[in-house]
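Source file: target-v1.cif. Holds: mmCIF, C-alpha atoms.
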```cif
data_my_file
#
loop_
_atom_site.group_PDB
_atom_site.id
_atom_site.type_symbol
_atom_site.label_atom_id
_atom_site.label_comp_id
_atom_site.auth_asym_id
_atom_site.auth_seq_id
_atom_site.Cartn_x
_atom_site.Cartn_y
_atom_site.Cartn_z
ATOM 1 C CA MET A 1 -127.082 -71.451 -124.614
ATOM 2 C CA ARG A 2 -126.609 -69.152 -121.648
ATOM 3 C CA ASN A 3 -125.266 -65.628 -121.635
ATOM 4 C CA HIS A 4 -124.403 -63.619 -118.545
ATOM 5 C CA SER A 5 -124.606 -59.867 -118.886
ATOM 6 C CA ALA A 6 -124.723 -57.254 -116.115
ATOM 7 C CA ASP A 7 -125.877 -59.927 -113.630
ATOM 8 C CA LEU A 8 -128.794 -60.947 -115.817
ATOM 9 C CA GLU A 9 -128.408 -64.482 -117.018
ATOM 10 C CA ILE A 10 -130.388 -65.191 -120.193
ATOM 11 C CA GLU A 11 -130.892 -68.656 -121.622
ATOM 12 C CA ARG A 12 -131.698 -68.758 -125.358
ATOM 13 C CA GLU A 13 -133.406 -71.560 -127.211
ATOM 14 C CA ARG A 14 -134.580 -71.966 -130.790
ATOM 15 C CA ASP A 15 -137.170 -74.484 -131.909
ATOM 16 C CA GLY A 16 -138.014 -74.040 -135.574
ATOM 17 C CA ASP A 17 -139.898 -70.797 -135.948
ATOM 18 C CA ILE A 18 -140.053 -70.229 -132.192
ATOM 19 C CA ALA A 19 -137.346 -68.390 -130.257
ATOM 20 C CA ILE A 20 -137.386 -68.691 -126.474
ATOM 21 C CA LEU A 21 -135.583 -66.430 -124.020
ATOM 22 C CA ARG A 22 -135.388 -67.344 -120.353
ATOM 23 C CA PRO A 23 -133.911 -64.544 -118.204
ATOM 24 C CA ARG A 24 -133.019 -65.174 -114.564
ATOM 25 C CA GLY A 25 -132.840 -62.581 -111.808
ATOM 26 C CA GLU A 26 -134.189 -59.085 -111.262
ATOM 27 C CA ILE A 27 -134.872 -56.807 -114.220
ATOM 28 C CA ASP A 28 -134.375 -53.198 -113.240
ATOM 29 C CA LEU A 29 -132.750 -50.063 -114.656
ATOM 30 C CA GLY A 30 -129.287 -51.622 -114.360
ATOM 31 C CA ARG A 31 -130.220 -54.911 -116.028
ATOM 32 C CA ALA A 32 -132.839 -53.880 -118.593
ATOM 33 C CA PRO A 33 -130.128 -53.053 -121.196
ATOM 34 C CA ALA A 34 -128.967 -56.706 -121.145
ATOM 35 C CA LEU A 35 -132.562 -57.853 -121.645
ATOM 36 C CA ARG A 36 -133.047 -55.316 -124.439
ATOM 37 C CA ALA A 37 -129.919 -56.536 -126.237
ATOM 38 C CA ALA A 38 -131.104 -60.164 -126.027
ATOM 39 C CA LEU A 39 -134.597 -59.266 -127.247
ATOM 40 C CA MET A 40 -133.276 -57.187 -130.152
ATOM 41 C CA ASP A 41 -130.902 -60.031 -131.155
ATOM 42 C CA ALA A 42 -133.841 -62.419 -131.139
ATOM 43 C CA VAL A 43 -136.086 -60.066 -133.150
ATOM 44 C CA ARG A 44 -133.357 -59.614 -135.778
ATOM 45 C CA LEU A 45 -133.526 -63.356 -136.511
ATOM 46 C CA ARG A 46 -137.218 -62.862 -137.357
ATOM 47 C CA PRO A 47 -138.817 -65.784 -135.540
ATOM 48 C CA GLY A 48 -142.536 -66.197 -136.125
ATOM 49 C CA ARG A 49 -142.937 -66.281 -132.367
ATOM 50 C CA LEU A 50 -140.752 -64.940 -129.604
ATOM 51 C CA VAL A 51 -141.509 -66.474 -126.222
ATOM 52 C CA VAL A 52 -140.064 -64.961 -123.056
ATOM 53 C CA ASP A 53 -140.264 -67.316 -120.111
ATOM 54 C CA LEU A 54 -140.202 -65.166 -116.963
ATOM 55 C CA GLN A 55 -140.544 -67.930 -114.377
ATOM 56 C CA TYR A 56 -137.080 -67.153 -112.959
ATOM 57 C CA VAL A 57 -137.558 -63.374 -112.890
ATOM 58 C CA SER A 58 -138.338 -62.375 -109.330
ATOM 59 C CA TYR A 59 -138.661 -58.624 -109.878
ATOM 60 C CA MET A 60 -139.272 -56.159 -112.693
ATOM 61 C CA ASP A 61 -139.652 -52.386 -112.730
ATOM 62 C CA SER A 62 -140.858 -50.079 -115.507
ATOM 63 C CA SER A 63 -137.451 -50.254 -117.235
ATOM 64 C CA GLY A 64 -138.149 -53.929 -117.935
ATOM 65 C CA VAL A 65 -141.735 -53.257 -118.973
ATOM 66 C CA ALA A 66 -140.571 -50.516 -121.375
ATOM 67 C CA THR A 67 -138.128 -52.985 -122.914
ATOM 68 C CA PHE A 68 -140.945 -55.448 -123.541
ATOM 69 C CA VAL A 69 -143.134 -52.730 -125.073
ATOM 70 C CA GLU A 70 -140.316 -51.963 -127.504
ATOM 71 C CA ALA A 71 -139.894 -55.671 -128.333
ATOM 72 C CA LEU A 72 -143.652 -56.031 -128.848
ATOM 73 C CA GLN A 73 -143.641 -53.184 -131.346
ATOM 74 C CA GLN A 74 -140.651 -54.643 -133.174
ATOM 75 C CA MET A 75 -142.192 -58.103 -133.375
ATOM 76 C CA ARG A 76 -145.439 -56.634 -134.718
ATOM 77 C CA ALA A 77 -143.431 -54.728 -137.342
ATOM 78 C CA VAL A 78 -142.048 -58.023 -138.667
ATOM 79 C CA HIS A 79 -145.472 -59.726 -138.360
ATOM 80 C CA GLY A 80 -144.301 -61.939 -135.501
ATOM 81 C CA ARG A 81 -145.804 -62.545 -132.045
ATOM 82 C CA LEU A 82 -144.340 -61.862 -128.662
ATOM 83 C CA VAL A 83 -145.665 -64.111 -125.900
ATOM 84 C CA LEU A 84 -144.787 -63.766 -122.216
ATOM 85 C CA CYS A 85 -145.180 -66.687 -119.842
ATOM 86 C CA GLY A 86 -144.431 -67.869 -116.316
ATOM 87 C CA LEU A 87 -144.883 -64.464 -114.668
ATOM 88 C CA GLN A 88 -144.542 -64.478 -110.883
ATOM 89 C CA PRO A 89 -147.324 -62.495 -109.120
ATOM 90 C CA LYS A 90 -144.997 -59.578 -108.321
ATOM 91 C CA VAL A 91 -143.962 -59.310 -111.984
ATOM 92 C CA ARG A 92 -147.507 -59.711 -113.261
ATOM 93 C CA SER A 93 -148.670 -56.917 -110.962
ATOM 94 C CA ILE A 94 -146.460 -54.307 -112.663
ATOM 95 C CA PHE A 95 -148.052 -55.144 -116.034
ATOM 96 C CA GLU A 96 -151.439 -54.734 -114.345
ATOM 97 C CA ILE A 97 -150.508 -51.427 -112.686
ATOM 98 C CA ALA A 98 -149.260 -50.142 -116.064
ATOM 99 C CA ARG A 99 -152.489 -51.531 -117.617
ATOM 100 C CA LEU A 100 -150.461 -53.491 -120.117
ATOM 101 C CA ASP A 101 -151.674 -56.943 -119.088
ATOM 102 C CA MET A 102 -154.310 -56.786 -121.843
ATOM 103 C CA VAL A 103 -151.843 -55.472 -124.426
ATOM 104 C CA PHE A 104 -149.391 -58.367 -124.113
ATOM 105 C CA THR A 105 -150.191 -62.019 -124.708
ATOM 106 C CA ILE A 106 -149.496 -63.494 -121.267
ATOM 107 C CA VAL A 107 -149.927 -67.217 -120.605
ATOM 108 C CA ASP A 108 -149.016 -69.608 -117.800
ATOM 109 C CA ASP A 109 -146.125 -71.593 -119.258
ATOM 110 C CA THR A 110 -144.009 -72.313 -122.339
ATOM 111 C CA ALA A 111 -146.286 -75.153 -123.475
ATOM 112 C CA ARG A 112 -149.170 -72.705 -123.758
ATOM 113 C CA ALA A 113 -146.894 -70.013 -125.169
ATOM 114 C CA ARG A 114 -146.005 -72.328 -128.060
ATOM 115 C CA ALA A 115 -149.647 -73.158 -128.741
ATOM 116 C CA VAL A 116 -151.558 -69.916 -128.137
ATOM 117 C CA MET B 1 -152.804 -31.406 -93.850
ATOM 118 C CA SER B 2 -151.680 -34.701 -95.385
ATOM 119 C CA GLU B 3 -148.775 -36.757 -94.055
ATOM 120 C CA ALA B 4 -146.798 -35.785 -97.133
ATOM 121 C CA GLU B 5 -147.275 -32.077 -96.443
ATOM 122 C CA ARG B 6 -146.572 -32.288 -92.717
ATOM 123 C CA ALA B 7 -143.184 -30.805 -91.971
ATOM 124 C CA THR B 8 -140.699 -33.584 -91.406
ATOM 125 C CA THR B 9 -139.279 -32.069 -88.254
ATOM 126 C CA VAL B 10 -138.857 -35.392 -86.481
ATOM 127 C CA GLU B 11 -135.598 -37.222 -87.146
ATOM 128 C CA PRO B 12 -136.062 -40.074 -89.645
ATOM 129 C CA ASP B 13 -135.993 -43.678 -88.439
ATOM 130 C CA VAL B 14 -133.818 -44.739 -91.359
ATOM 131 C CA GLN B 15 -131.575 -42.671 -93.568
ATOM 132 C CA VAL B 16 -129.609 -43.783 -96.672
ATOM 133 C CA GLU B 17 -127.391 -41.815 -99.022
ATOM 134 C CA LEU B 18 -126.375 -43.244 -102.383
ATOM 135 C CA PHE B 19 -124.808 -42.343 -105.687
ATOM 136 C CA SER B 20 -127.050 -42.111 -108.753
ATOM 137 C CA GLN B 21 -126.149 -45.592 -109.984
ATOM 138 C CA PRO B 22 -128.651 -48.346 -110.899
ATOM 139 C CA ARG B 23 -126.527 -51.043 -109.222
ATOM 140 C CA PHE B 24 -127.618 -49.777 -105.798
ATOM 141 C CA LEU B 25 -131.336 -50.214 -106.528
ATOM 142 C CA THR B 26 -131.488 -53.835 -105.435
ATOM 143 C CA GLY B 27 -130.119 -53.061 -101.956
ATOM 144 C CA ILE B 28 -132.579 -50.204 -101.442
ATOM 145 C CA ARG B 29 -135.483 -52.401 -102.559
ATOM 146 C CA GLY B 30 -134.475 -55.104 -100.102
ATOM 147 C CA LEU B 31 -134.202 -52.614 -97.253
ATOM 148 C CA VAL B 32 -137.601 -51.016 -97.870
ATOM 149 C CA THR B 33 -139.389 -54.313 -98.477
ATOM 150 C CA GLN B 34 -138.106 -55.745 -95.199
ATOM 151 C CA LEU B 35 -138.864 -52.570 -93.293
ATOM 152 C CA ALA B 36 -142.413 -52.381 -94.653
ATOM 153 C CA ARG B 37 -142.976 -56.037 -93.745
ATOM 154 C CA ARG B 38 -141.707 -55.354 -90.205
ATOM 155 C CA LEU B 39 -144.157 -52.437 -89.938
ATOM 156 C CA GLY B 40 -147.076 -54.716 -90.763
ATOM 157 C CA PHE B 41 -147.517 -54.442 -94.530
ATOM 158 C CA GLU B 42 -148.270 -57.756 -96.204
ATOM 159 C CA GLU B 43 -145.810 -59.078 -98.770
ATOM 160 C CA GLY B 44 -147.584 -57.755 -101.886
ATOM 161 C CA ALA B 45 -148.016 -54.266 -100.430
ATOM 162 C CA ALA B 46 -144.401 -54.159 -99.235
ATOM 163 C CA GLY B 47 -143.265 -55.145 -102.732
ATOM 164 C CA LYS B 48 -145.313 -52.349 -104.282
ATOM 165 C CA ILE B 49 -143.898 -49.737 -101.883
ATOM 166 C CA SER B 50 -140.421 -50.891 -102.844
ATOM 167 C CA LEU B 51 -141.396 -50.714 -106.545
ATOM 168 C CA ALA B 52 -142.621 -47.113 -106.100
ATOM 169 C CA LEU B 53 -139.340 -46.137 -104.439
ATOM 170 C CA ASP B 54 -137.361 -47.925 -107.171
ATOM 171 C CA GLU B 55 -139.276 -45.933 -109.820
ATOM 172 C CA ALA B 56 -138.665 -42.684 -107.939
ATOM 173 C CA ILE B 57 -134.908 -43.332 -107.794
ATOM 174 C CA CYS B 58 -134.845 -44.390 -111.473
ATOM 175 C CA ASN B 59 -136.484 -41.082 -112.403
ATOM 176 C CA VAL B 60 -133.833 -39.162 -110.450
ATOM 177 C CA ILE B 61 -131.041 -41.143 -112.135
ATOM 178 C CA ASN B 62 -132.517 -40.907 -115.659
ATOM 179 C CA HIS B 63 -134.108 -37.479 -115.757
ATOM 180 C CA GLY B 64 -132.623 -35.583 -112.818
ATOM 181 C CA TYR B 65 -128.976 -36.506 -113.197
ATOM 182 C CA ASP B 66 -129.191 -37.600 -116.887
ATOM 183 C CA ARG B 67 -127.532 -40.944 -115.942
ATOM 184 C CA ARG B 68 -124.503 -39.186 -114.415
ATOM 185 C CA PRO B 69 -123.138 -41.671 -111.853
ATOM 186 C CA ASP B 70 -121.833 -39.097 -109.352
ATOM 187 C CA GLY B 71 -125.104 -37.460 -108.278
ATOM 188 C CA ARG B 72 -126.226 -37.862 -104.664
ATOM 189 C CA ILE B 73 -129.612 -39.202 -103.614
ATOM 190 C CA TRP B 74 -130.871 -39.060 -100.038
ATOM 191 C CA ILE B 75 -133.606 -41.349 -98.762
ATOM 192 C CA ARG B 76 -135.222 -40.824 -95.370
ATOM 193 C CA ILE B 77 -137.866 -43.096 -93.922
ATOM 194 C CA TRP B 78 -140.284 -42.623 -91.033
ATOM 195 C CA ALA B 79 -142.500 -45.261 -89.463
ATOM 196 C CA LEU B 80 -145.886 -43.585 -88.961
ATOM 197 C CA GLU B 81 -147.652 -44.406 -85.721
ATOM 198 C CA ALA B 82 -151.346 -44.503 -84.702
ATOM 199 C CA PRO B 83 -153.911 -43.224 -85.528
ATOM 200 C CA ARG B 84 -152.794 -43.851 -89.132
ATOM 201 C CA PRO B 85 -149.825 -46.204 -89.043
ATOM 202 C CA GLY B 86 -147.739 -46.615 -92.154
ATOM 203 C CA LEU B 87 -144.607 -45.432 -93.842
ATOM 204 C CA ARG B 88 -143.360 -42.082 -95.100
ATOM 205 C CA ILE B 89 -140.396 -41.986 -97.508
ATOM 206 C CA VAL B 90 -138.669 -38.803 -98.645
ATOM 207 C CA VAL B 91 -136.345 -38.899 -101.675
ATOM 208 C CA GLU B 92 -134.155 -35.853 -102.261
ATOM 209 C CA ASP B 93 -131.578 -34.973 -104.876
ATOM 210 C CA ARG B 94 -129.486 -32.066 -106.036
ATOM 211 C CA ALA B 95 -130.358 -32.687 -109.680
ATOM 212 C CA ARG B 96 -132.307 -30.631 -112.201
ATOM 213 C CA MET B 97 -135.247 -28.692 -110.771
ATOM 214 C CA VAL B 98 -138.591 -29.347 -112.415
ATOM 215 C CA ASP B 99 -141.912 -27.565 -112.027
ATOM 216 C CA PRO B 100 -143.901 -30.022 -109.848
ATOM 217 C CA ALA B 101 -147.065 -29.184 -111.829
ATOM 218 C CA LYS B 102 -145.392 -30.603 -114.921
ATOM 219 C CA ILE B 103 -144.669 -34.008 -113.350
ATOM 220 C CA ARG B 104 -147.668 -36.021 -114.521
ATOM 221 C CA SER B 105 -148.569 -39.579 -115.414
ATOM 222 C CA ARG B 106 -148.710 -40.098 -119.136
ATOM 223 C CA ASP B 107 -151.670 -41.338 -121.137
ATOM 224 C CA LEU B 108 -151.613 -45.127 -120.768
ATOM 225 C CA ASP B 109 -153.593 -45.617 -123.985
ATOM 226 C CA ASP B 110 -150.509 -44.443 -125.815
ATOM 227 C CA ILE B 111 -148.621 -47.754 -125.871
ATOM 228 C CA ARG B 112 -144.956 -46.850 -126.015
ATOM 229 C CA PRO B 113 -141.812 -47.649 -124.034
ATOM 230 C CA GLY B 114 -140.966 -45.434 -121.072
ATOM 231 C CA GLY B 115 -142.713 -42.812 -118.986
ATOM 232 C CA LEU B 116 -144.526 -45.264 -116.715
ATOM 233 C CA GLY B 117 -142.662 -44.457 -113.498
ATOM 234 C CA VAL B 118 -144.819 -41.533 -112.315
ATOM 235 C CA HIS B 119 -148.006 -43.474 -113.052
ATOM 236 C CA ILE B 120 -146.749 -46.443 -111.012
ATOM 237 C CA ILE B 121 -145.731 -44.224 -108.087
ATOM 238 C CA ARG B 122 -149.117 -42.478 -107.999
ATOM 239 C CA GLU B 123 -150.999 -45.753 -108.393
ATOM 240 C CA VAL B 124 -149.176 -47.457 -105.525
ATOM 241 C CA MET B 125 -148.758 -44.722 -102.900
ATOM 242 C CA ASP B 126 -151.488 -42.823 -100.998
ATOM 243 C CA ASP B 127 -149.765 -39.423 -101.002
ATOM 244 C CA VAL B 128 -147.232 -38.307 -103.610
ATOM 245 C CA VAL B 129 -145.837 -34.773 -103.367
ATOM 246 C CA TYR B 130 -143.086 -33.309 -105.558
ATOM 247 C CA GLU B 131 -141.395 -30.090 -104.400
ATOM 248 C CA GLN B 132 -138.381 -28.058 -105.371
ATOM 249 C CA ARG B 133 -135.693 -27.988 -102.687
ATOM 250 C CA ASP B 134 -134.472 -24.642 -101.402
ATOM 251 C CA GLY B 135 -130.854 -25.548 -102.068
ATOM 252 C CA GLY B 136 -131.552 -26.921 -105.563
ATOM 253 C CA GLY B 137 -132.862 -30.279 -106.717
ATOM 254 C CA MET B 138 -136.156 -31.978 -105.928
ATOM 255 C CA ARG B 139 -137.895 -33.557 -102.949
ATOM 256 C CA LEU B 140 -140.438 -36.345 -103.365
ATOM 257 C CA THR B 141 -142.538 -37.400 -100.391
ATOM 258 C CA LEU B 142 -144.293 -40.750 -100.538
ATOM 259 C CA VAL B 143 -146.762 -41.995 -97.938
ATOM 260 C CA LYS B 144 -148.476 -45.342 -97.594
ATOM 261 C CA HIS B 145 -150.905 -46.089 -94.776
ATOM 262 C CA LEU B 146 -151.363 -49.594 -93.491
ATOM 263 C CA ALA B 147 -155.174 -49.411 -93.640
ATOM 264 C CA ASP B 148 -155.115 -48.303 -97.280
ATOM 265 C CA ALA B 149 -152.694 -51.093 -98.176
ATOM 266 C CA VAL B 150 -155.102 -53.634 -96.633
ATOM 267 C CA ALA B 151 -158.010 -52.092 -98.592
ATOM 268 C CA ASP B 152 -155.956 -52.215 -101.833
ATOM 269 C CA GLY B 153 -155.233 -55.898 -101.225
ATOM 270 C CA LYS B 154 -158.922 -56.710 -100.668
ATOM 271 C CA LYS B 155 -159.841 -54.802 -103.833
ATOM 272 C CA ALA B 156 -157.269 -56.801 -105.811
ATOM 273 C CA ASP B 157 -158.584 -60.091 -104.379
ATOM 274 C CA SER B 158 -162.237 -59.388 -105.197
#
```
Could you write out this structure as structure tokens?
Amino acid sequence: MRNHSADLEIERERDGDIAILRPRGEIDLGRAPALRAALMDAVRLRPGRLVVDLQYVSYMDSSGVATFVEALQQMRAVHGRLVLCGLQPKVRSIFEIARLDMVFTIVDDTARARAV
Amino acid sequence: MSEAERATTVEPDVQVELFSQPRFLTGIRGLVTQLARRLGFEEGAAGKISLALDEAICNVINHGYDRRPDGRIWIRIWALEAPRPGLRIVVEDRARMVDPAKIRSRDLDDIRPGGLGVHIIREVMDDVVYEQRDGGGMRLTLVKHLADAVADGKKADS
């Protein structure tokens, strides 16, 4: 299922206990609220694992990172896991600059994200 | 005297004025990335300069103008020539004035959403200077030298 919100297209998938979100585009101050809404919707359904596939996200600033920090805390509160995958180098570098690359579980692709 | 402190008496090479609205961020990022590439920065470094500017504008929108959409933001850019080629970007606003000494990166060990912008700006740019403007608002000067960007890239590769 695809939703378009504030120019950020987000594909949602559910496979048993795993919820997968696949945003497309640039995540910045203008688009982070759409990502936040999708993440919070997903967390509310209490999946055991929430996977966010970022392979189609070409840019992210600290607004996006802050949104993921919030989602991470919410998933931990319900004893679930948040796993990020498919990060392009430019997107990965902001997690590294913010020294959050060791805080998040970051893997190469959705296959690994399901298994890790 | 650093590049950031040097009086910007020379006319800027590029000048942009925008409203304090997030929808204009993507255009500014594109402009600065392309300009930095044209001035010799490699793709990763150009992307980081554009990220630093994005964070600076976000801070003005969020904290300076409190998300009001009718604030003005001025961006001026200079290409720096030899002996230290690079890029100088000045961001000015007429928003809330803040004591520059109080603008600090937050403790990164405290894992919480928000407050990362200043850390990212300082991490990416060589010189970062916040000042209060005479007519009200703030001025942020950002400088990145080509040689330092090359050194950063080598450090990241090793």
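Minimum atom-to-atom distances from B:Arg84, B:Lys144, B:Arg38, B:Arg96 to Asn62 (chain B) were compared using only C-alpha atoms, and the lowest value belongs to B:Arg96.
What separates CA of Arg72 (chain B) from CA of Thr141 (chain B) is a distance of 16.9 Å.
Closest approach to Arg68 (chain B) among B:Glu43, B:Ala95, B:Ile103, B:Arg88 is made by B:Ala95 (distances from only C-alpha atoms).
Note that the spacing between CA of Val51 (chain A) and CA of Ala32 (chain A) amounts to 17.1 Å.
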Quick one: contact table of chain B to chain A, 7 Å max, nearest atom pair and distance in Å to one decimal per residue, counting only C-alpha atoms, chain and number order, as CSV?
```
residue,atom,partner,partner_atom,distance
B:Pro22,CA,A:Gly30,CA,4.8
B:Arg23,CA,A:Gly30,CA,5.9
B:Leu51,CA,A:Asp61,CA,6.6
B:Cys58,CA,A:Leu29,CA,6.8
B:Arg112,CA,A:Val69,CA,6.2
B:Pro113,CA,A:Ala66,CA,4.1
B:Gly114,CA,A:Ala66,CA,5.1
B:Leu116,CA,A:Ser62,CA,6.2
B:Gly117,CA,A:Ser62,CA,6.2
B:Ile120,CA,A:Ile97,CA,6.5
```
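Proximity ranking of A:Met102, A:Ala115, A:Thr110, A:Pro33 relative to Ile111 (chain B) places A:Met102 first, based on all atoms listed in the file.
The interatomic distance for the pair CA of Phe19 (chain B) and CA of Trp74 (chain B) works out to 8.9 Å.
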Run the PyMOL selection byres ((chain A and resi 106) around 6) against the file shown and list the residues it catches, as number ranges by chain. A: 84-85, 104-105, 107
Please give the centre and size of the box around region 24-41 of chain A (axis-aligned, containing every atom listed in the file, 8 Å added per side), with values in Å to one decimal and written as JSON.
```
{"center_x": -131.9, "center_y": -57.6, "center_z": -121.2, "size_x": 21.9, "size_y": 31.1, "size_z": 35.9}
```
8 Å contact set for Ser58 (chain A), only C-alpha atoms, chain neighbours under 3 positions out, as a PyMOL selection string: chain A and resi 24-26+55+88+90-91
List, as a PyMOL selection string, every residue that the PyMOL selection byres ((chain B and resi 39) around 10) selects in the file provided. chain B and resi 33-38+40-42+46+79-81+85-87+146
Residue members of the PyMOL selection byres ((chain B and resi 16) around 10) in the file shown, as a list of chain:residue names: B:Val14, B:Gln15, B:Glu17, B:Leu18, B:Ile28, B:Leu31, B:Ile73, B:Trp74, B:Ile75, B:Arg76, B:Ile77, B:Val91
Select, from B:Lys48, B:Arg104, B:His145, B:Arg94, the residue with the minimum atom-to-atom distance to Val129 (chain B), counting only C-alpha atoms. B:Arg104
Pick out the residues sitting within 12 Å of Arg12 (chain A), and hand them over as a PyMOL selection string; count all atoms listed in the file, and ignore anything fewer than 3 positions along from it in its own chain. chain A and resi 1-4+9+15+18-24+35+38-39+41-42+50-53
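Proximity ranking of A:His79, A:Arg36, A:Arg114, A:Arg44 relative to Gly16 (chain A) places A:Arg114 first, based on only C-alpha atoms.
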